[in-house]
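First comes the structure, then the notes that go with it.
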Amino acid sequence: MSVENVMKLIRYVETRESAWDAVLKLKLLSFDGVFNASETVSIEQVDKKDPYSIGALATHHNWLIRWVIIEKLIDYDNPQFYPLLVKLLCDQRPEISELTTSWARAKGISILPELIQGFIHAPFYVQESLFNFISEMGYSALHELEYQLNHSNITMVQRCLYTIYKIGGAEAEAIVIRAIENERIQKHAVVFLGFMKSRAAIPHLISAFENPKLRYYILNAFYDIGEEASYPFIVETIYEAKGQVLIMAERIAMKIGPPILDYVLDFIEHSETELENHYRFKKLLDHIGIDTVQDRVESLSERYSFLYG
């Protein structure tokens with residue numbers, strides 16, 4: 001049947017509250033001619049072209065028309081229309097929502113770029129579904145998500161990083177650690193690493209403490225990671241590191257204050273070698289004050305005279 005006859009049936013459905021006969025006829029027709037006519041038009045133009053363009057019909061106020069057009073778009077399976085179908089996820093009609101959801105799950109990783117682009121173009125109410133679809137792909141989605149962290153649209157970049165965090169796992173953790181170097185999202189990366197309780201991130205967070213804009217977030221990340229994991233590492237870094245890393249580790253310890261002192265004394269007490277850099281700990285103890293650990297300092301002072309030197 002011709003494009004003209006297809007449009008006649010669509011107009012017929014438009015003008016009636018119930019037009020099941022016409023809907024059934026439309027469902028039996030081939031829409032190849034209609035879709036082929038749109039193939040040379042970008043998806044943005046398709047949406048705006050006229051009231052009977054593919055984009056307009058796929059978002060028509062009459063759900064029967066939306067249903068037919070979306071079903072035909074799925075059957076036609078032209079990648080040109082994938083971004084449009086992504087926009088149409090979560091329709092208010094359960095018949096259509098189930099249709100598009102099943103399509104997205106069936107396509108899976110093959111439509112990942114379109115799903116990610118939906119973070120920019122799809123309506124806000126579709127965003128949660130996009131997160132869910134991509135998160136379900138898990139590890140398979142991580143490479144494309146990391147690639148999109150360089151996108152010019154900051155909203156999409158932030159949502160990609162959030163999705164990586166939600167997927168989780170060792171590879172996702174490594175990507176978020178690398179994101180500390182990305183100035184546009186480094187604050188988000190630090191926060192997510194705290195939420196992930198990432199021990200692997202601790203040395204990177206210490207190095208990043210050089211950036212004043214990140215210090216508040218890094219201290220909170222250490223708190224989220226947990227003092228049992230992060231504080232001993234900071235103390236060890238103070239003893240072993242040199243240069244800028246040493247300076248950053250000392251600043252972090254001074255910001256943490258009294259809660260880190262027991263870990264300093266634990267390191268001193270359990271050290272099996274002579275503490276060549278003990279003056280670093282003396283400096284730290286003097287800066288923070290030893291009131292909260294006075295008894296421990298006194299008990300160790302006979303063995304480690306520098307504590308009271």
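A note on labels: chains of the structure tokens are A, B, ... as shown, every chain counts residues from 1, and ligands are counted from 1 in their shown order.
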Please identify all polymer residues within 7 Å of segment 119-122 of chain A, counting only C-alpha atoms, omitting same-chain residues fewer than 6 positions from it, and present them as an MDAnalysis selection string. chainID A and resid 86:87 156
So which residues touch segment 218-229 of chain A within 6 Å, counting only C-alpha atoms, skipping near sequence neighbours fewer than 6 positions away, as a ChimeraX atom specification? /A:191,194,197
Set the distance at 8 Å and use only C-alpha atoms: which residues neighbour Ala141 of chain A once local chain neighbours fewer than 6 positions away are removed? I'd like the list as a PyMOL selection string. chain A and resi 109+112+134-135
Please identify the helix (DSSP H, G or I) residues within segment 40-156 of chain A (assignment by DSSP from backbone atoms) and present them as a ChimeraX atom specification. /A:43-48,54-58,63-76,79-87,94-121,124-150,154-156
Any idea what the distance is between atom CA of Ile206 of chain A and atom CA of Gln148 of chain A? 26.6 Å
Ranking A:Ile268, A:Ala241, A:Leu284, A:Ala174 by minimum distance to Ile256 of chain A and counting only C-alpha atoms, which one comes first?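 Ranking A:Ile268, A:Ala241, A:Leu284, A:Ala174 by distance to Ile256 of chain A, first place goes to A:Leu284.
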Of A:Ala189, A:Leu300, A:Ile177, A:Ala172, the one sitting nearest Ala201 of chain A when using only C-alpha atoms is A:Ile177
Among listed residues A:Val297, A:Ile290, A:Leu193, A:Val264, nearest Glu236 of chain A (using only C-alpha atoms):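 Checking each candidate against Glu236 of chain A, we get A:Val264 as the closest.
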